Amino acid sequence: MEEEINAGESVKDNSKPNIDAKPQVYILRNWKEYAGESLLIIFSVLLALILTEFINNLHEKKETKDLLNNIRNELTINKQYEEEQYAYHQQVLITIDSAIKDPGFQKKIVSDDEFHLKLITPHGVLYRYLDDVAWDVAKNHNISSKISFKTIALLTHIYGDQARIMKVEDEIAKVILSREARKVENAHATLILIRDNYLGWAVDRAPGLLIQYNEAIKLLGEE
């Protein structure tokens with residue numbers, strides 16, 4: 001009797017469902033779904049690249065515009081300074097020519113073993129300094145690849161002439177700081193050397209430079 005009861009319980013236990021077993025679900029996806037996801041990823045990457053390039057181009061255009069505006073402003077100021085300097089240098093040349101013809105004036109210029117430059121250049125050898133900061137900054141930002149060859153050639157020539165005009169100060173210093181310039185008997189020759197340096201480095205160069213300033217300022221306004 002006891003065996004029958006145990007057997008019945010055994011049969012009853014075997015009939016219980018297995019609640020620990022979990023069904024496995026497989027999702028089948030076709031090639032269209034994979035292709036769609038791939039295209040979406042590719043599109044997102046391309047869109048990001050296009051937006052980045054667009055933003056970079058805007059930034060580069062703004063930077064170029066700022067660089068050109070700075071150069072234009074610099075040239076506008078330099079043009080005004082060179083006009084004033086050209087007039088001053090012409091007056092200096094008149095004074096030098098007077099001194100060349102006047103031995104008495106020469107003795108005042110060279111006296112006590114000194115060359116009194118102030119008597120012929122009351123405001124210094126250079127009346128104004130011509131800046132090139134904006135030009136140097138633009139060159140460091142590869143401005144030559146962003147504007148026309150004509151504009152680059154013109155600007156290069158302008159700033160080259162500016163540098164030569166500025167060099168007159170060094171060249172005249174070489175003349176008057178020599179021992180020979182401290183002798184009264186050499187005053188005539190020294191004055192001629194000073195005059196020739198003014199003409200060669202600054203005065204003869206100024207008219208052409210002023211014309212180029214106008215042309216460059218106009219071109220930069222159109223760039």
# chains A, B, ... in the order shown; residues from 1 in each chain; ligands from 1
>>> residues_around(residues="Leu210 in chain A", least_positions_apart="5", cutoff="8 Å", atoms="only C-alpha atoms", output="list in words")
Lys79, Glu82 and Glu83 of chain A
>>> write_last_selection(atoms="all heavy atoms", output="CSV table (one decimal), in the first residue's frame")
chain,number,residue,atom,x,y,z
A,79,LYS,N,50.1,105.6,-46.0
A,79,LYS,CA,50.0,106.6,-47.1
A,79,LYS,C,50.0,108.0,-46.6
A,79,LYS,O,50.7,108.9,-47.1
A,79,LYS,CB,48.7,106.3,-47.9
A,79,LYS,CG,48.5,107.4,-49.0
A,79,LYS,CD,47.2,107.0,-49.8
A,79,LYS,CE,46.9,108.1,-50.9
A,79,LYS,NZ,46.4,109.3,-50.3
A,82,GLU,N,53.5,108.8,-45.3
A,82,GLU,CA,54.5,109.0,-46.3
A,82,GLU,C,54.3,110.3,-47.1
A,82,GLU,O,55.3,110.9,-47.5
A,82,GLU,CB,54.5,107.8,-47.3
A,82,GLU,CG,55.5,107.9,-48.4
A,82,GLU,CD,56.9,108.1,-47.9
A,82,GLU,OE1,57.2,107.6,-46.8
A,82,GLU,OE2,57.7,108.6,-48.7
A,83,GLU,N,53.1,110.7,-47.2
A,83,GLU,CA,52.8,112.1,-47.8
A,83,GLU,C,53.5,113.2,-46.9
A,83,GLU,O,54.2,114.1,-47.4
A,83,GLU,CB,51.3,112.3,-47.9
A,83,GLU,CG,50.7,111.5,-49.0
A,83,GLU,CD,49.1,111.6,-48.9
A,83,GLU,OE1,48.6,112.1,-47.9
A,83,GLU,OE2,48.5,111.3,-49.9
>>> residues_around(residues="range 177-189 of chain A", least_positions_apart="4", cutoff="7 Å", atoms="only C-alpha atoms", output="MDAnalysis selection string")
chainID A and resid 100 106:107 110:111 113:115 173 193
>>> write_last_selection(atoms="all heavy atoms", output="compact mmCIF listing (two decimals), in the first residue's frame")
# COMPACT_ATOMS: atom_id res chain seq x y z
N ILE A 100 75.34 123.09 -48.74
CA ILE A 100 76.40 122.72 -49.68
C ILE A 100 77.01 123.97 -50.31
O ILE A 100 78.22 124.04 -50.57
CB ILE A 100 75.85 121.77 -50.76
CG1 ILE A 100 75.58 120.38 -50.15
CG2 ILE A 100 76.82 121.64 -51.93
CD1 ILE A 100 74.88 119.42 -51.09
N GLN A 106 78.28 125.31 -43.23
CA GLN A 106 78.98 124.05 -43.05
C GLN A 106 79.78 124.04 -41.74
O GLN A 106 79.84 123.02 -41.04
CB GLN A 106 79.92 123.79 -44.23
CG GLN A 106 79.20 123.55 -45.55
CD GLN A 106 80.14 123.50 -46.73
OE1 GLN A 106 81.34 123.18 -46.58
NE2 GLN A 106 79.64 123.80 -47.92
N LYS A 107 80.37 125.21 -41.40
CA LYS A 107 81.14 125.30 -40.16
C LYS A 107 80.24 125.19 -38.93
O LYS A 107 80.69 124.76 -37.87
CB LYS A 107 81.91 126.61 -40.13
CG LYS A 107 83.05 126.66 -41.15
CD LYS A 107 83.76 128.01 -41.10
CE LYS A 107 84.88 128.06 -42.16
NZ LYS A 107 85.58 129.36 -42.15
N VAL A 110 79.38 121.28 -38.76
CA VAL A 110 80.51 120.50 -38.23
C VAL A 110 81.34 121.42 -37.34
O VAL A 110 82.06 122.29 -37.82
CB VAL A 110 81.39 119.93 -39.35
CG1 VAL A 110 82.51 119.07 -38.75
CG2 VAL A 110 80.55 119.10 -40.31
N SER A 111 81.21 121.22 -36.06
CA SER A 111 81.97 122.03 -35.10
C SER A 111 82.20 121.25 -33.83
O SER A 111 81.38 120.39 -33.46
CB SER A 111 81.21 123.33 -34.77
OG SER A 111 79.98 123.06 -34.16
N ASP A 113 84.19 118.91 -33.24
CA ASP A 113 84.30 117.47 -33.55
C ASP A 113 82.95 116.75 -33.53
O ASP A 113 82.86 115.55 -33.26
CB ASP A 113 85.25 116.78 -32.56
CG ASP A 113 86.68 117.26 -32.71
OD1 ASP A 113 87.09 117.57 -33.84
OD2 ASP A 113 87.40 117.33 -31.69
N GLU A 114 81.90 117.48 -33.82
CA GLU A 114 80.57 116.89 -33.89
C GLU A 114 79.89 117.28 -35.19
O GLU A 114 80.13 118.36 -35.74
CB GLU A 114 79.69 117.35 -32.71
CG GLU A 114 80.10 116.80 -31.37
CD GLU A 114 79.12 117.17 -30.28
OE1 GLU A 114 77.91 117.30 -30.60
OE2 GLU A 114 79.54 117.35 -29.13
N PHE A 115 79.05 116.39 -35.66
CA PHE A 115 78.21 116.69 -36.83
C PHE A 115 76.81 116.98 -36.29
O PHE A 115 76.14 116.09 -35.78
CB PHE A 115 78.18 115.52 -37.81
CG PHE A 115 77.55 115.86 -39.12
CD1 PHE A 115 78.34 116.21 -40.21
CD2 PHE A 115 76.17 115.85 -39.28
CE1 PHE A 115 77.75 116.53 -41.43
CE2 PHE A 115 75.59 116.18 -40.49
CZ PHE A 115 76.38 116.53 -41.56
N ALA A 173 73.23 107.32 -40.95
CA ALA A 173 73.98 107.13 -39.70
C ALA A 173 75.40 106.66 -40.00
O ALA A 173 76.36 107.09 -39.34
CB ALA A 173 73.26 106.12 -38.82
N LEU A 193 76.91 113.31 -49.60
CA LEU A 193 76.58 111.90 -49.33
C LEU A 193 75.21 111.77 -48.66
O LEU A 193 74.43 110.87 -48.99
CB LEU A 193 77.66 111.27 -48.45
CG LEU A 193 79.01 110.99 -49.12
CD1 LEU A 193 80.03 110.53 -48.09
CD2 LEU A 193 78.86 109.94 -50.23
>>> closest_residue(among="A:Leu119, A:Leu126, A:Ala87, A:Ala35", to="Ala206 in chain A", atoms="only C-alpha atoms")
A:Ala87
>>> residues_around(residues="Gln80 in chain A", least_positions_apart="6", cutoff="12 Å", atoms="only C-alpha atoms", output="ChimeraX atom specification")
/A:73-74,86-87,127-131,206,209-210,213-214
>>> write_last_selection(atoms="all heavy atoms", output="short mmCIF file (atom, residue, chain, number, x, y, z; two decimals), in the first residue's frame")
data_model
loop_
_atom_site.label_atom_id
_atom_site.label_comp_id
_atom_site.auth_asym_id
_atom_site.auth_seq_id
_atom_site.Cartn_x
_atom_site.Cartn_y
_atom_site.Cartn_z
N ASN A 73 43.86 99.08 -43.64
CA ASN A 73 43.96 100.16 -42.66
C ASN A 73 45.40 100.60 -42.45
O ASN A 73 45.69 101.79 -42.31
CB ASN A 73 43.35 99.70 -41.33
CG ASN A 73 41.85 99.51 -41.39
OD1 ASN A 73 41.18 100.11 -42.24
ND2 ASN A 73 41.31 98.68 -40.52
N GLU A 74 46.29 99.61 -42.43
CA GLU A 74 47.72 99.92 -42.25
C GLU A 74 48.25 100.75 -43.41
O GLU A 74 48.97 101.74 -43.22
CB GLU A 74 48.51 98.62 -42.11
CG GLU A 74 49.99 98.81 -41.83
CD GLU A 74 50.67 97.50 -41.52
OE1 GLU A 74 50.95 96.75 -42.49
OE2 GLU A 74 50.91 97.20 -40.33
N TYR A 86 57.38 112.69 -47.19
CA TYR A 86 57.90 113.14 -48.48
C TYR A 86 58.06 114.66 -48.49
O TYR A 86 59.08 115.19 -48.93
CB TYR A 86 56.95 112.70 -49.59
CG TYR A 86 57.37 113.07 -50.99
CD1 TYR A 86 58.68 112.91 -51.41
CD2 TYR A 86 56.43 113.59 -51.90
CE1 TYR A 86 59.05 113.25 -52.71
CE2 TYR A 86 56.80 113.93 -53.18
CZ TYR A 86 58.11 113.76 -53.58
OH TYR A 86 58.49 114.10 -54.86
N ALA A 87 57.06 115.36 -47.95
CA ALA A 87 57.14 116.83 -47.88
C ALA A 87 58.30 117.25 -46.96
O ALA A 87 59.04 118.20 -47.27
CB ALA A 87 55.82 117.40 -47.36
N TYR A 127 60.80 111.34 -40.62
CA TYR A 127 59.73 112.12 -39.99
C TYR A 127 58.60 111.22 -39.50
O TYR A 127 57.92 111.52 -38.52
CB TYR A 127 59.19 113.14 -40.99
CG TYR A 127 58.19 114.11 -40.43
CD1 TYR A 127 58.53 114.97 -39.39
CD2 TYR A 127 56.89 114.17 -40.94
CE1 TYR A 127 57.61 115.87 -38.87
CE2 TYR A 127 55.96 115.06 -40.42
CZ TYR A 127 56.33 115.91 -39.39
OH TYR A 127 55.41 116.79 -38.88
N ARG A 128 58.40 110.10 -40.19
CA ARG A 128 57.37 109.13 -39.85
C ARG A 128 57.91 107.71 -40.05
O ARG A 128 58.79 107.49 -40.88
CB ARG A 128 56.12 109.30 -40.72
CG ARG A 128 55.35 110.60 -40.47
CD ARG A 128 54.56 110.52 -39.18
NE ARG A 128 53.71 111.68 -38.98
CZ ARG A 128 54.03 112.74 -38.25
NH1 ARG A 128 55.22 112.78 -37.65
NH2 ARG A 128 53.19 113.75 -38.11
N TYR A 129 57.37 106.79 -39.29
CA TYR A 129 57.71 105.38 -39.46
C TYR A 129 56.54 104.65 -40.13
O TYR A 129 55.38 104.82 -39.75
CB TYR A 129 58.04 104.73 -38.11
CG TYR A 129 59.39 105.13 -37.59
CD1 TYR A 129 59.53 106.25 -36.77
CD2 TYR A 129 60.54 104.41 -37.93
CE1 TYR A 129 60.78 106.64 -36.30
CE2 TYR A 129 61.79 104.79 -37.48
CZ TYR A 129 61.91 105.91 -36.66
OH TYR A 129 63.14 106.29 -36.21
N LEU A 130 56.86 103.84 -41.11
CA LEU A 130 55.86 103.12 -41.90
C LEU A 130 55.76 101.69 -41.37
O LEU A 130 56.72 100.93 -41.42
CB LEU A 130 56.23 103.12 -43.37
CG LEU A 130 56.53 104.52 -43.96
CD1 LEU A 130 56.98 104.40 -45.42
CD2 LEU A 130 55.31 105.43 -43.85
N ASP A 131 54.59 101.34 -40.86
CA ASP A 131 54.41 100.04 -40.22
C ASP A 131 54.22 98.90 -41.23
O ASP A 131 53.76 99.11 -42.35
CB ASP A 131 53.20 100.07 -39.28
CG ASP A 131 53.45 100.92 -38.05
OD1 ASP A 131 54.60 100.96 -37.58
OD2 ASP A 131 52.49 101.55 -37.55
N ALA A 206 59.42 107.87 -53.23
CA ALA A 206 58.14 108.24 -52.62
C ALA A 206 56.99 108.44 -53.61
O ALA A 206 55.89 107.93 -53.37
CB ALA A 206 58.32 109.50 -51.77
N LEU A 209 55.58 105.16 -54.70
CA LEU A 209 54.97 104.46 -53.58
C LEU A 209 53.59 105.02 -53.26
O LEU A 209 52.65 104.25 -52.99
CB LEU A 209 55.87 104.57 -52.34
CG LEU A 209 55.35 103.91 -51.06
CD1 LEU A 209 55.10 102.41 -51.27
CD2 LEU A 209 56.33 104.13 -49.91
N LEU A 210 53.42 106.31 -53.33
CA LEU A 210 52.12 106.93 -53.05
C LEU A 210 51.07 106.48 -54.07
O LEU A 210 49.90 106.26 -53.72
CB LEU A 210 52.25 108.46 -53.05
CG LEU A 210 53.06 109.03 -51.89
CD1 LEU A 210 53.29 110.53 -52.08
CD2 LEU A 210 52.37 108.76 -50.56
N TYR A 213 50.10 102.94 -53.17
CA TYR A 213 49.20 102.91 -52.02
C TYR A 213 47.74 103.01 -52.47
O TYR A 213 46.88 102.24 -52.03
CB TYR A 213 49.50 104.07 -51.07
CG TYR A 213 50.64 103.84 -50.10
CD1 TYR A 213 51.56 104.85 -49.84
CD2 TYR A 213 50.79 102.63 -49.43
CE1 TYR A 213 52.60 104.67 -48.94
CE2 TYR A 213 51.83 102.44 -48.53
CZ TYR A 213 52.73 103.46 -48.29
OH TYR A 213 53.75 103.27 -47.39
N ASN A 214 47.48 103.98 -53.33
CA ASN A 214 46.10 104.18 -53.81
C ASN A 214 45.57 102.94 -54.52
O ASN A 214 44.42 102.52 -54.32
CB ASN A 214 46.04 105.39 -54.74
CG ASN A 214 46.23 106.70 -54.00
OD1 ASN A 214 45.85 106.82 -52.84
ND2 ASN A 214 46.82 107.68 -54.67
#
>>> residues_around(residues="Ile172 in chain A", least_positions_apart="5", cutoff="8 Å", atoms="only C-alpha atoms", output="PDB file with all heavy atoms, in the first residue's frame")
ATOM      1  N   VAL A 125      66.052 112.074 -39.085  1.00  0.00           N
ATOM      2  CA  VAL A 125      66.236 111.617 -40.474  1.00  0.00           C
ATOM      3  C   VAL A 125      64.900 111.171 -41.056  1.00  0.00           C
ATOM      4  O   VAL A 125      64.555 111.487 -42.196  1.00  0.00           O
ATOM      5  CB  VAL A 125      67.258 110.467 -40.530  1.00  0.00           C
ATOM      6  CG1 VAL A 125      67.349 109.895 -41.949  1.00  0.00           C
ATOM      7  CG2 VAL A 125      68.626 110.951 -40.064  1.00  0.00           C
ATOM      8  N   ILE A 194      74.935 112.653 -47.717  1.00  0.00           N
ATOM      9  CA  ILE A 194      73.629 112.622 -47.047  1.00  0.00           C
ATOM     10  C   ILE A 194      72.512 112.888 -48.052  1.00  0.00           C
ATOM     11  O   ILE A 194      71.489 112.206 -48.061  1.00  0.00           O
ATOM     12  CB  ILE A 194      73.590 113.650 -45.900  1.00  0.00           C
ATOM     13  CG1 ILE A 194      74.552 113.234 -44.787  1.00  0.00           C
ATOM     14  CG2 ILE A 194      72.170 113.780 -45.342  1.00  0.00           C
ATOM     15  CD1 ILE A 194      74.700 114.279 -43.689  1.00  0.00           C
ATOM     16  N   ASN A 197      71.941 109.871 -50.290  1.00  0.00           N
ATOM     17  CA  ASN A 197      71.239 108.794 -49.587  1.00  0.00           C
ATOM     18  C   ASN A 197      69.754 109.094 -49.480  1.00  0.00           C
ATOM     19  O   ASN A 197      68.912 108.194 -49.655  1.00  0.00           O
ATOM     20  CB  ASN A 197      71.840 108.594 -48.187  1.00  0.00           C
ATOM     21  CG  ASN A 197      73.003 107.618 -48.184  1.00  0.00           C
ATOM     22  OD1 ASN A 197      72.826 106.423 -48.377  1.00  0.00           O
ATOM     23  ND2 ASN A 197      74.210 108.137 -47.983  1.00  0.00           N
TER      24      ASN A 197
END
>>> residues_around(residues="range 133-143 of chain A", least_positions_apart="2", cutoff="10 Å", atoms="only C-alpha atoms", output="list in words")
Glu63, Thr64, Asp66, Leu67, Leu68, Asn69, Asn70, Ile71, Arg72, Asn73, Glu74, Leu75, Leu130, Asp131, Ser145, Lys146, Ile147, Ser148, Ile152, Leu155, Thr156 and Tyr159 of chain A
>>> write_last_selection(atoms="N, CA, C and O atoms", output="PDB file, in the first residue's frame")
ATOM      1  N   GLU A  63      38.502  85.112 -41.373  1.00  0.00           N
ATOM      2  CA  GLU A  63      39.900  85.395 -41.039  1.00  0.00           C
ATOM      3  C   GLU A  63      40.579  86.161 -42.169  1.00  0.00           C
ATOM      4  O   GLU A  63      41.302  87.136 -41.927  1.00  0.00           O
ATOM      5  N   THR A  64      40.349  85.725 -43.408  1.00  0.00           N
ATOM      6  CA  THR A  64      40.940  86.403 -44.564  1.00  0.00           C
ATOM      7  C   THR A  64      40.436  87.834 -44.665  1.00  0.00           C
ATOM      8  O   THR A  64      41.210  88.769 -44.932  1.00  0.00           O
ATOM      9  N   ASP A  66      39.379  89.745 -42.245  1.00  0.00           N
ATOM     10  CA  ASP A  66      39.994  90.525 -41.170  1.00  0.00           C
ATOM     11  C   ASP A  66      41.438  90.881 -41.505  1.00  0.00           C
ATOM     12  O   ASP A  66      41.883  92.013 -41.261  1.00  0.00           O
ATOM     13  N   LEU A  67      42.171  89.915 -42.053  1.00  0.00           N
ATOM     14  CA  LEU A  67      43.570  90.171 -42.421  1.00  0.00           C
ATOM     15  C   LEU A  67      43.677  91.263 -43.481  1.00  0.00           C
ATOM     16  O   LEU A  67      44.529  92.159 -43.380  1.00  0.00           O
ATOM     17  N   LEU A  68      42.807  91.192 -44.482  1.00  0.00           N
ATOM     18  CA  LEU A  68      42.839  92.187 -45.551  1.00  0.00           C
ATOM     19  C   LEU A  68      42.423  93.572 -45.047  1.00  0.00           C
ATOM     20  O   LEU A  68      42.983  94.584 -45.468  1.00  0.00           O
ATOM     21  N   ASN A  69      41.438  93.592 -44.157  1.00  0.00           N
ATOM     22  CA  ASN A  69      41.025  94.879 -43.580  1.00  0.00           C
ATOM     23  C   ASN A  69      42.162  95.504 -42.779  1.00  0.00           C
ATOM     24  O   ASN A  69      42.375  96.726 -42.829  1.00  0.00           O
ATOM     25  N   ASN A  70      42.890  94.675 -42.053  1.00  0.00           N
ATOM     26  CA  ASN A  70      44.017  95.181 -41.274  1.00  0.00           C
ATOM     27  C   ASN A  70      45.112  95.750 -42.177  1.00  0.00           C
ATOM     28  O   ASN A  70      45.686  96.805 -41.879  1.00  0.00           O
ATOM     29  N   ILE A  71      45.392  95.043 -43.278  1.00  0.00           N
ATOM     30  CA  ILE A  71      46.393  95.544 -44.228  1.00  0.00           C
ATOM     31  C   ILE A  71      45.925  96.853 -44.852  1.00  0.00           C
ATOM     32  O   ILE A  71      46.705  97.816 -44.990  1.00  0.00           O
ATOM     33  N   ARG A  72      44.666  96.901 -45.228  1.00  0.00           N
ATOM     34  CA  ARG A  72      44.119  98.103 -45.848  1.00  0.00           C
ATOM     35  C   ARG A  72      44.205  99.298 -44.893  1.00  0.00           C
ATOM     36  O   ARG A  72      44.588 100.404 -45.301  1.00  0.00           O
ATOM     37  N   ASN A  73      43.858  99.079 -43.642  1.00  0.00           N
ATOM     38  CA  ASN A  73      43.955 100.158 -42.657  1.00  0.00           C
ATOM     39  C   ASN A  73      45.402 100.595 -42.448  1.00  0.00           C
ATOM     40  O   ASN A  73      45.691 101.793 -42.315  1.00  0.00           O
ATOM     41  N   GLU A  74      46.295  99.614 -42.427  1.00  0.00           N
ATOM     42  CA  GLU A  74      47.718  99.919 -42.250  1.00  0.00           C
ATOM     43  C   GLU A  74      48.246 100.745 -43.415  1.00  0.00           C
ATOM     44  O   GLU A  74      48.972 101.735 -43.222  1.00  0.00           O
ATOM     45  N   LEU A  75      47.868 100.379 -44.637  1.00  0.00           N
ATOM     46  CA  LEU A  75      48.319 101.109 -45.814  1.00  0.00           C
ATOM     47  C   LEU A  75      47.725 102.513 -45.871  1.00  0.00           C
ATOM     48  O   LEU A  75      48.389 103.460 -46.329  1.00  0.00           O
ATOM     49  N   LEU A 130      56.864 103.844 -41.115  1.00  0.00           N
ATOM     50  CA  LEU A 130      55.856 103.121 -41.895  1.00  0.00           C
ATOM     51  C   LEU A 130      55.757 101.685 -41.367  1.00  0.00           C
ATOM     52  O   LEU A 130      56.722 100.934 -41.422  1.00  0.00           O
ATOM     53  N   ASP A 131      54.592 101.341 -40.859  1.00  0.00           N
ATOM     54  CA  ASP A 131      54.407 100.038 -40.218  1.00  0.00           C
ATOM     55  C   ASP A 131      54.218  98.902 -41.229  1.00  0.00           C
ATOM     56  O   ASP A 131      53.760  99.115 -42.350  1.00  0.00           O
ATOM     57  N   SER A 145      47.875  82.540 -50.551  1.00  0.00           N
ATOM     58  CA  SER A 145      47.033  81.501 -51.168  1.00  0.00           C
ATOM     59  C   SER A 145      45.559  81.898 -51.196  1.00  0.00           C
ATOM     60  O   SER A 145      44.735  81.145 -51.713  1.00  0.00           O
ATOM     61  N   LYS A 146      45.237  83.069 -50.649  1.00  0.00           N
ATOM     62  CA  LYS A 146      43.837  83.437 -50.488  1.00  0.00           C
ATOM     63  C   LYS A 146      43.426  84.651 -51.312  1.00  0.00           C
ATOM     64  O   LYS A 146      42.244  84.977 -51.374  1.00  0.00           O
ATOM     65  N   ILE A 147      44.389  85.346 -51.915  1.00  0.00           N
ATOM     66  CA  ILE A 147      44.060  86.515 -52.729  1.00  0.00           C
ATOM     67  C   ILE A 147      44.784  86.427 -54.058  1.00  0.00           C
ATOM     68  O   ILE A 147      45.637  85.559 -54.262  1.00  0.00           O
ATOM     69  N   SER A 148      44.458  87.331 -54.961  1.00  0.00           N
ATOM     70  CA  SER A 148      44.984  87.258 -56.328  1.00  0.00           C
ATOM     71  C   SER A 148      46.489  87.520 -56.372  1.00  0.00           C
ATOM     72  O   SER A 148      47.055  88.194 -55.505  1.00  0.00           O
ATOM     73  N   ILE A 152      48.986  90.320 -54.361  1.00  0.00           N
ATOM     74  CA  ILE A 152      50.173  89.905 -53.619  1.00  0.00           C
ATOM     75  C   ILE A 152      51.417  90.593 -54.174  1.00  0.00           C
ATOM     76  O   ILE A 152      52.276  91.073 -53.414  1.00  0.00           O
ATOM     77  N   LEU A 155      51.395  94.290 -53.077  1.00  0.00           N
ATOM     78  CA  LEU A 155      51.689  94.457 -51.655  1.00  0.00           C
ATOM     79  C   LEU A 155      53.160  94.178 -51.350  1.00  0.00           C
ATOM     80  O   LEU A 155      53.780  94.879 -50.541  1.00  0.00           O
ATOM     81  N   THR A 156      53.706  93.156 -51.993  1.00  0.00           N
ATOM     82  CA  THR A 156      55.120  92.827 -51.794  1.00  0.00           C
ATOM     83  C   THR A 156      56.010  93.993 -52.211  1.00  0.00           C
ATOM     84  O   THR A 156      56.980  94.340 -51.519  1.00  0.00           O
ATOM     85  N   TYR A 159      55.548  97.048 -49.593  1.00  0.00           N
ATOM     86  CA  TYR A 159      56.245  96.861 -48.322  1.00  0.00           C
ATOM     87  C   TYR A 159      57.757  96.784 -48.512  1.00  0.00           C
ATOM     88  O   TYR A 159      58.518  97.131 -47.592  1.00  0.00           O
TER      89      TYR A 159
END
>>> closest_residue(among="A:Arg195, A:Lys167, A:Lys65, A:Lys218", to="Gln90 in chain A", atoms="only C-alpha atoms")
A:Arg195
>>> select_by_dssp(residues="range 51-153 of chain A", states="strand (DSSP E or B)", output="list in words")
Val110, Ser111, Glu114 and Phe115 of chain A
>>> select_by_dssp(residues="range 91-157 of chain A", states="alpha helix (DSSP H)", output="ChimeraX atom specification")
/A:91-101,103-109,133-140,149-157
>>> atom_distance(atom1="CA of Lys118 in chain A", atom2="CA of Tyr81 in chain A")
20.7 Å
>>> atom_distance(atom1="CA of Val175 in chain A", atom2="CA of Gly160 in chain A")
23.1 Å
>>> atom_distance(atom1="CA of Gln162 in chain A", atom2="CA of Asp132 in chain A")
8.5 Å
>>> decode(residues="range 81-124 of chain A", atoms="C-alpha atoms", output="PDB file, in the first residue's frame")
ATOM      1  CA  TYR A  81      52.548 109.262 -43.111  1.00  0.00           C
ATOM      2  CA  GLU A  82      54.504 108.960 -46.340  1.00  0.00           C
ATOM      3  CA  GLU A  83      52.848 112.069 -47.774  1.00  0.00           C
ATOM      4  CA  GLU A  84      53.967 113.977 -44.679  1.00  0.00           C
ATOM      5  CA  GLN A  85      57.409 112.404 -44.780  1.00  0.00           C
ATOM      6  CA  TYR A  86      57.895 113.143 -48.484  1.00  0.00           C
ATOM      7  CA  ALA A  87      57.144 116.826 -47.875  1.00  0.00           C
ATOM      8  CA  TYR A  88      59.547 116.855 -44.923  1.00  0.00           C
ATOM      9  CA  HIS A  89      62.334 115.171 -46.889  1.00  0.00           C
ATOM     10  CA  GLN A  90      61.956 117.667 -49.715  1.00  0.00           C
ATOM     11  CA  GLN A  91      62.429 120.459 -47.191  1.00  0.00           C
ATOM     12  CA  VAL A  92      65.491 118.683 -45.776  1.00  0.00           C
ATOM     13  CA  LEU A  93      66.975 118.496 -49.279  1.00  0.00           C
ATOM     14  CA  ILE A  94      66.461 122.237 -49.731  1.00  0.00           C
ATOM     15  CA  THR A  95      68.322 122.841 -46.474  1.00  0.00           C
ATOM     16  CA  ILE A  96      71.135 120.485 -47.497  1.00  0.00           C
ATOM     17  CA  ASP A  97      71.509 122.222 -50.882  1.00  0.00           C
ATOM     18  CA  SER A  98      71.755 125.559 -49.088  1.00  0.00           C
ATOM     19  CA  ALA A  99      74.418 124.159 -46.771  1.00  0.00           C
ATOM     20  CA  ILE A 100      76.395 122.722 -49.684  1.00  0.00           C
ATOM     21  CA  LYS A 101      76.648 126.226 -51.167  1.00  0.00           C
ATOM     22  CA  ASP A 102      77.389 127.986 -47.877  1.00  0.00           C
ATOM     23  CA  PRO A 103      80.799 127.327 -46.212  1.00  0.00           C
ATOM     24  CA  GLY A 104      79.681 129.336 -43.185  1.00  0.00           C
ATOM     25  CA  PHE A 105      76.693 127.050 -42.672  1.00  0.00           C
ATOM     26  CA  GLN A 106      78.985 124.045 -43.048  1.00  0.00           C
ATOM     27  CA  LYS A 107      81.144 125.299 -40.163  1.00  0.00           C
ATOM     28  CA  LYS A 108      78.040 125.414 -37.961  1.00  0.00           C
ATOM     29  CA  ILE A 109      77.041 121.912 -38.980  1.00  0.00           C
ATOM     30  CA  VAL A 110      80.513 120.502 -38.229  1.00  0.00           C
ATOM     31  CA  SER A 111      81.967 122.033 -35.102  1.00  0.00           C
ATOM     32  CA  ASP A 112      83.681 120.856 -31.926  1.00  0.00           C
ATOM     33  CA  ASP A 113      84.299 117.469 -33.548  1.00  0.00           C
ATOM     34  CA  GLU A 114      80.568 116.890 -33.892  1.00  0.00           C
ATOM     35  CA  PHE A 115      78.207 116.689 -36.825  1.00  0.00           C
ATOM     36  CA  HIS A 116      75.097 118.650 -35.845  1.00  0.00           C
ATOM     37  CA  LEU A 117      72.506 116.771 -37.838  1.00  0.00           C
ATOM     38  CA  LYS A 118      69.629 118.679 -36.268  1.00  0.00           C
ATOM     39  CA  LEU A 119      70.589 121.763 -38.274  1.00  0.00           C
ATOM     40  CA  ILE A 120      69.535 120.012 -41.477  1.00  0.00           C
ATOM     41  CA  THR A 121      67.044 117.456 -40.111  1.00  0.00           C
ATOM     42  CA  PRO A 122      65.208 119.223 -37.246  1.00  0.00           C
ATOM     43  CA  HIS A 123      62.735 116.327 -36.789  1.00  0.00           C
ATOM     44  CA  GLY A 124      65.163 113.492 -37.359  1.00  0.00           C
TER      45      GLY A 124
END
